[in-house]
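Enquirer: My structure is stored as final_26.csv, with CSV, C-alpha atoms.
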chain,number,residue,atom,x,y,z
A,206,LEU,CA,-6.0,9.1,-46.4
A,207,PHE,CA,-7.0,11.8,-43.9
A,208,LEU,CA,-4.6,13.3,-41.4
A,209,SER,CA,-5.8,15.2,-38.4
A,210,ILE,CA,-3.4,17.3,-36.4
A,211,LEU,CA,-4.3,18.5,-32.9
A,212,SER,CA,-2.7,21.7,-31.6
A,213,GLY,CA,-2.5,23.1,-28.1
A,214,ASN,CA,-1.4,21.7,-24.7
A,215,LEU,CA,-2.6,18.1,-24.3
A,216,SER,CA,-0.6,17.4,-21.1
A,217,ALA,CA,-2.3,16.1,-18.0
A,218,GLN,CA,-3.4,18.8,-15.5
A,219,TRP,CA,-2.4,18.6,-11.8
A,220,MET,CA,-4.0,20.7,-9.1
A,221,GLN,CA,-2.5,21.0,-5.6
A,222,LEU,CA,-4.9,20.3,-2.8
A,223,PRO,CA,-4.7,22.4,0.4
A,224,GLN,CA,-1.5,21.5,2.2
A,225,ASP,CA,-1.6,19.8,5.6
A,226,THR,CA,1.7,20.6,7.5
A,227,SER,CA,0.7,19.0,10.8
A,228,ASN,CA,0.3,15.3,9.7
A,229,LEU,CA,2.5,12.7,8.0
A,230,TYR,CA,1.1,10.9,5.0
A,231,CYS,CA,2.7,7.7,3.6
A,232,ASP,CA,0.3,6.1,1.1
A,233,VAL,CA,-2.7,6.8,-1.1
A,234,CYS,CA,-5.3,4.5,-2.7
A,235,PHE,CA,-8.3,5.5,-4.8
A,236,LEU,CA,-11.2,3.3,-5.7
A,237,ASN,CA,-12.6,5.6,-8.4
A,238,PRO,CA,-12.1,9.3,-9.3
A,239,ASP,CA,-14.1,10.4,-6.3
A,240,THR,CA,-13.4,7.9,-3.5
A,241,GLY,CA,-9.9,7.6,-2.1
A,242,PHE,CA,-7.9,7.1,1.1
A,243,ILE,CA,-4.6,8.3,2.6
A,244,ALA,CA,-2.8,6.7,5.5
A,245,GLY,CA,-0.2,8.1,7.9
A,246,GLU,CA,0.2,9.5,11.4
A,247,ASN,CA,-0.9,12.7,13.1
A,248,GLY,CA,1.2,14.9,15.3
A,249,ASN,CA,0.2,12.9,18.4
A,250,SER,CA,1.5,9.6,17.1
A,251,ASP,CA,-1.9,8.3,16.3
A,252,VAL,CA,-2.6,6.2,13.2
A,253,LEU,CA,-4.4,8.5,10.7
A,254,ILE,CA,-6.7,7.3,7.9
A,255,ARG,CA,-8.5,9.8,5.8
A,256,ARG,CA,-11.3,9.3,3.2
A,257,THR,CA,-12.6,11.5,0.5
A,258,THR,CA,-15.8,10.9,-1.5
A,259,ASP,CA,-15.6,14.1,-3.6
A,260,GLY,CA,-12.2,13.8,-5.4
A,261,GLY,CA,-10.2,15.2,-2.5
A,262,VAL,CA,-12.2,18.4,-1.7
A,263,ASN,CA,-13.3,17.2,1.7
A,264,TRP,CA,-11.8,14.4,3.9
A,265,SER,CA,-13.1,12.5,6.9
A,266,THR,CA,-10.7,11.2,9.5
A,267,VAL,CA,-10.3,8.0,11.5
A,268,LEU,CA,-7.7,7.9,14.3
A,269,PHE,CA,-6.2,5.0,16.3
A,270,SER,CA,-4.7,6.5,19.5
A,271,ASN,CA,-1.0,5.7,20.1
A,272,GLY,CA,-1.0,3.3,17.2
A,273,PRO,CA,1.9,2.5,14.8
A,274,LEU,CA,2.5,4.7,11.8
A,275,GLY,CA,0.1,3.7,8.9
A,276,MET,CA,2.5,3.2,6.0
A,277,CYS,CA,0.4,1.3,3.5
A,278,ILE,CA,-3.3,1.4,2.5
A,279,GLN,CA,-4.9,-1.0,-0.1
A,280,PHE,CA,-8.4,-2.2,-1.1
A,281,GLY,CA,-9.1,-5.8,-2.2
A,282,ASP,CA,-12.5,-4.7,-3.6
A,283,ASP,CA,-14.8,-1.7,-3.4
A,284,THR,CA,-15.7,-2.3,0.2
A,285,THR,CA,-12.8,-4.2,1.9
A,286,GLY,CA,-9.6,-2.3,2.7
A,287,TYR,CA,-6.5,-2.7,4.8
A,288,CYS,CA,-4.0,-0.4,6.4
A,289,GLY,CA,-0.7,-1.5,7.8
A,290,GLY,CA,2.6,-0.1,9.1
A,291,GLN,CA,5.0,-0.2,12.0
A,292,THR,CA,4.9,-3.2,14.4
A,293,GLY,CA,3.1,-5.3,11.8
A,294,MET,CA,-0.3,-4.0,12.8
A,295,ILE,CA,-3.2,-4.3,10.3
A,296,TYR,CA,-6.4,-2.3,10.3
A,297,LYS,CA,-9.4,-3.4,8.2
A,298,THR,CA,-12.6,-1.9,6.9
A,299,THR,CA,-15.5,-3.9,5.3
A,300,ASP,CA,-17.7,-0.9,4.6
A,301,MET,CA,-15.6,1.3,2.2
A,302,GLY,CA,-13.9,3.1,5.0
A,303,ASN,CA,-16.9,4.2,7.1
A,304,SER,CA,-15.4,2.3,10.0
A,305,TRP,CA,-12.1,0.6,10.7
A,306,ALA,CA,-11.1,-2.0,13.3
A,307,THR,CA,-7.9,-3.8,14.3
A,308,ALA,CA,-7.4,-7.0,12.3
A,309,GLY,CA,-4.3,-8.2,14.0
A,310,ILE,CA,-0.5,-8.4,13.6
A,311,VAL,CA,1.3,-9.9,10.6
A,312,ALA,CA,4.3,-11.0,12.7
A,313,ALA,CA,5.9,-9.7,15.9
A,314,GLY,CA,8.7,-7.2,15.5
A,315,ILE,CA,8.3,-6.2,11.8
A,316,ASP,CA,7.6,-2.9,10.1
A,317,ILE,CA,5.5,-3.2,7.0
A,318,SER,CA,7.0,-1.4,4.0
A,319,ALA,CA,4.6,-2.5,1.2
A,320,MET,CA,1.1,-4.0,0.8
A,321,ILE,CA,-1.2,-5.3,-1.9
A,322,PHE,CA,-4.5,-7.1,-1.9
A,323,ILE,CA,-5.4,-9.0,-5.1
A,324,SER,CA,-8.9,-9.9,-3.7
A,325,ARG,CA,-11.0,-9.3,-0.7
A,326,ASP,CA,-9.2,-11.9,1.3
A,327,THR,CA,-5.8,-12.5,-0.4
A,328,GLY,CA,-3.0,-10.1,0.1
A,329,PHE,CA,0.7,-9.7,0.7
A,330,VAL,CA,3.0,-7.5,2.8
A,331,SER,CA,6.7,-7.0,2.8
A,332,ASP,CA,8.8,-5.7,5.6
A,333,PHE,CA,12.1,-3.7,5.7
A,334,GLU,CA,14.1,-6.9,6.2
A,335,GLY,CA,13.0,-8.3,2.8
A,336,ARG,CA,10.4,-10.8,4.1
A,337,ILE,CA,7.1,-11.4,2.2
A,338,TYR,CA,4.0,-12.6,4.1
A,339,LYS,CA,0.7,-13.8,2.5
A,340,THR,CA,-2.8,-14.0,3.9
A,341,THR,CA,-5.8,-15.8,2.3
A,342,ASP,CA,-8.3,-15.2,5.0
A,343,GLY,CA,-8.6,-11.4,5.1
A,344,ALA,CA,-5.6,-10.7,7.4
A,345,ILE,CA,-6.7,-13.1,10.2
A,346,SER,CA,-3.5,-15.2,9.7
A,347,TRP,CA,-0.3,-14.7,7.7
A,348,SER,CA,2.4,-17.1,6.4
A,349,LEU,CA,6.0,-16.3,5.6
A,350,VAL,CA,6.5,-17.1,1.9
A,351,SER,CA,9.9,-15.5,1.3
A,352,ALA,CA,12.7,-14.6,3.6
A,353,MET,CA,15.4,-13.2,1.3
A,354,GLN,CA,17.5,-10.7,3.2
A,355,SER,CA,16.8,-7.1,2.0
A,356,SER,CA,19.6,-4.9,0.8
A,357,PHE,CA,18.6,-2.2,3.3
A,358,THR,CA,17.1,-1.8,6.7
A,359,ASN,CA,15.2,1.0,8.3
A,360,PHE,CA,14.8,2.9,5.0
A,361,TYR,CA,11.8,5.1,5.6
A,362,PRO,CA,9.3,5.7,4.2
A,363,GLY,CA,8.5,2.4,2.6
A,364,THR,CA,10.3,1.9,-0.7
A,365,GLY,CA,9.0,-1.4,-2.0
A,366,LYS,CA,5.9,-1.7,-4.2
A,367,PHE,CA,3.8,-4.7,-5.2
A,368,ARG,CA,2.1,-5.1,-8.6
A,369,PHE,CA,0.2,-8.2,-9.9
A,370,VAL,CA,-0.5,-8.5,-13.7
A,371,ASP,CA,-2.9,-11.4,-13.2
A,372,ASP,CA,-3.8,-13.9,-10.5
A,373,THR,CA,-0.5,-15.8,-10.6
A,374,THR,CA,2.2,-13.3,-11.8
A,375,GLY,CA,3.3,-10.5,-9.5
A,376,PHE,CA,6.4,-8.3,-8.8
A,377,LEU,CA,7.8,-6.5,-5.8
A,378,ALA,CA,10.3,-3.7,-6.4
A,379,ASP,CA,12.8,-3.9,-3.5
A,380,GLY,CA,13.4,-0.2,-3.7
A,381,ASN,CA,17.1,-0.2,-3.4
A,382,TYR,CA,20.1,-1.6,-5.3
A,383,GLY,CA,17.9,-2.5,-8.3
A,384,ARG,CA,16.4,-5.7,-7.1
A,385,VAL,CA,12.9,-7.0,-8.1
A,386,MET,CA,11.2,-10.1,-6.7
A,387,LYS,CA,8.8,-12.1,-9.0
A,388,THR,CA,6.2,-14.8,-8.4
A,389,THR,CA,4.5,-17.0,-11.0
A,390,ASP,CA,2.5,-19.1,-8.6
A,391,GLY,CA,0.1,-16.6,-7.0
A,392,GLY,CA,2.7,-15.4,-4.4
A,393,ASN,CA,3.5,-18.8,-2.8
A,394,SER,CA,7.1,-18.4,-3.8
A,395,TRP,CA,9.3,-15.5,-4.9
A,396,THR,CA,12.6,-15.3,-6.8
A,397,PRO,CA,14.9,-12.4,-7.3
A,398,ILE,CA,15.5,-10.6,-10.6
A,399,TYR,CA,18.7,-8.5,-10.6
A,400,LEU,CA,18.6,-5.4,-12.7
A,401,PRO,CA,21.7,-3.7,-14.1
A,402,SER,CA,23.7,-1.9,-11.4
A,403,GLY,CA,23.2,1.9,-11.1
Could you show the structure in this file as structure tokens?

Expert:
Amino acid sequence: LFLSILSGNLSAQWMQLPQDTSNLYCDVCFLNPDTGFIAGENGNSDVLIRRTTDGGVNWSTVLFSNGPLGMCIQFGDDTTGYCGGQTGMIYKTTDMGNSWATAGIVAAGIDISAMIFISRDTGFVSDFEGRIYKTTDGAISWSLVSAMQSSFTNFYPGTGKFRFVDDTTGFLADGNYGRVMKTTDGGNSWTPIYLPSG
């Protein structure tokens, strides 16, 4: 029996990138160690999407003038990505973020708080009222799959987060009061899981 003991500091190392105090950032998504995206809003109330291809050293910028705040950004594969936020507006790229275009609106009068795409065309968003919408055609059309009332409204920035463990089983953390939503049928229906209070 041989025992090897390592000494020294083995903790992960974090490095702060240059700070940007003039823009608001709400979400981040990386495809690999070098290529990543952030979404938010600049000081002129324009939707702001930034991309890095060198691990965050340099960033290119895409702006949508007078657009709603970009609160979520997700990719369904290495080339197709989505950004969504206030007013239910969705922006889409099919070339790894080189260009973005308006894809449409999920539903009138909603503000998107969380988003996930489990493939190029299939994705989910939730809003601050607790509704969950699903698309299977790349954000062209959306259907309401759950309308459970949320335990909060207007709680910015977005507090819910989606995660899928496989094609059928997924979870959404409500973000307040310890509630989790679960699906076992690929997101067609969602049921609440109540965690212990506090």

Enquirer: Which residues are close to stretch 242-253 of chain A, i.e. within 8 Å by all atoms listed in the file, leaving aside same-chain residues fewer than 5 positions away? Reply as an MDAnalysis selection string.

Expert: chainID A and resid 227:235 266:278 288

Enquirer: Would you put the residues from that selection into a file with C-alpha atoms, as a PDB file, in the frame of the given file?

Expert:
ATOM      1  CA  SER A 227       0.700  19.000  10.800  1.00  0.00           C
ATOM      2  CA  ASN A 228       0.300  15.300   9.700  1.00  0.00           C
ATOM      3  CA  LEU A 229       2.500  12.700   8.000  1.00  0.00           C
ATOM      4  CA  TYR A 230       1.100  10.900   5.000  1.00  0.00           C
ATOM      5  CA  CYS A 231       2.700   7.700   3.600  1.00  0.00           C
ATOM      6  CA  ASP A 232       0.300   6.100   1.100  1.00  0.00           C
ATOM      7  CA  VAL A 233      -2.700   6.800  -1.100  1.00  0.00           C
ATOM      8  CA  CYS A 234      -5.300   4.500  -2.700  1.00  0.00           C
ATOM      9  CA  PHE A 235      -8.300   5.500  -4.800  1.00  0.00           C
ATOM     10  CA  THR A 266     -10.700  11.200   9.500  1.00  0.00           C
ATOM     11  CA  VAL A 267     -10.300   8.000  11.500  1.00  0.00           C
ATOM     12  CA  LEU A 268      -7.700   7.900  14.300  1.00  0.00           C
ATOM     13  CA  PHE A 269      -6.200   5.000  16.300  1.00  0.00           C
ATOM     14  CA  SER A 270      -4.700   6.500  19.500  1.00  0.00           C
ATOM     15  CA  ASN A 271      -1.000   5.700  20.100  1.00  0.00           C
ATOM     16  CA  GLY A 272      -1.000   3.300  17.200  1.00  0.00           C
ATOM     17  CA  PRO A 273       1.900   2.500  14.800  1.00  0.00           C
ATOM     18  CA  LEU A 274       2.500   4.700  11.800  1.00  0.00           C
ATOM     19  CA  GLY A 275       0.100   3.700   8.900  1.00  0.00           C
ATOM     20  CA  MET A 276       2.500   3.200   6.000  1.00  0.00           C
ATOM     21  CA  CYS A 277       0.400   1.300   3.500  1.00  0.00           C
ATOM     22  CA  ILE A 278      -3.300   1.400   2.500  1.00  0.00           C
ATOM     23  CA  CYS A 288      -4.000  -0.400   6.400  1.00  0.00           C
TER      24      CYS A 288
END

Enquirer: Given only C-alpha atoms as the basis, pick out the residue of A:Val262, A:Ala378, A:Val370, A:Leu236 nearest to A:Asp283.

Expert: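 Of the candidates, the smallest distance to A:Asp283 is held by A:Leu236.
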
Enquirer: How many Å lie between atom CA of A:Thr373 and atom CA of A:Thr389, rounded to one decimal?

Expert: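 Value for the atom CA of A:Thr373-atom CA of A:Thr389 distance: 5.2 Å.
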
Enquirer: Rounded to one decimal place, report the atom CA of A:Val350-atom CA of A:Tyr399 distance in Å.

Expert: 19.5 Å

Enquirer: Kindly provide, as a ChimeraX atom specification, the polymer residues lying within 8 Å of (8.2, -9.0, -4.1), counting only C-alpha atoms and using the coordinates exactly as they appear in the file.

Expert: /A:331,337,365-367,375-379,385-388,395

Enquirer: Give me, as JSON, numbers by chain, all polymer residues having an atom no more than 7 Å from A:Tyr338, counting only C-alpha atoms and skipping those fewer than 4 positions away in the same chain.

Expert: {"A": [329, 330, 331, 347, 348, 349, 350]}

Enquirer: Tell me which residues come within 12 Å of (-15.2, 0.1, 11.9), as a list of chain:residue names, counting only C-alpha atoms in the file's coordinates.

Expert: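 In the file's frame, the residues around the point are A:Ile254, A:Val267, A:Leu268, A:Phe269, A:Thr284, A:Thr285, A:Gly286, A:Tyr287, A:Tyr296, A:Lys297, A:Thr298, A:Thr299, A:Asp300, A:Met301, A:Gly302, A:Asn303, A:Ser304, A:Trp305, A:Ala306, A:Thr307, A:Ala308.
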
Enquirer: Given all atoms listed in the file as the basis, pick out the residue of A:Gly343, A:Gly293, A:Pro397, A:Gly391 nearest to A:Ala313.

Expert: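 Distance minimum relative to A:Ala313 lands on A:Gly293.
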
Enquirer: Rounded to one decimal place, report the atom CA of A:Met294-atom CA of A:Ala344 distance in Å.

Expert: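 That distance, rounded to one decimal, is 10.1 Å.
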
Enquirer: Which residue, A:Thr292, A:Gln218, A:Asn393, A:Asn263, has the smallest gap to A:Gly328 when you use all atoms listed in the file?

Expert: A:Asn393

Enquirer: Given only C-alpha atoms as the basis, pick out the residue of A:Thr341, A:Thr226, A:Trp219, A:Thr374 nearest to A:Ser324.

Expert: A:Thr341

Enquirer: When distances are computed from only C-alpha atoms, which of A:Trp264, A:Asp282, A:Ile345, A:Arg325 shows the smallest separation from A:Val311?

Expert: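 Distance minimum relative to A:Val311 lands on A:Ile345.
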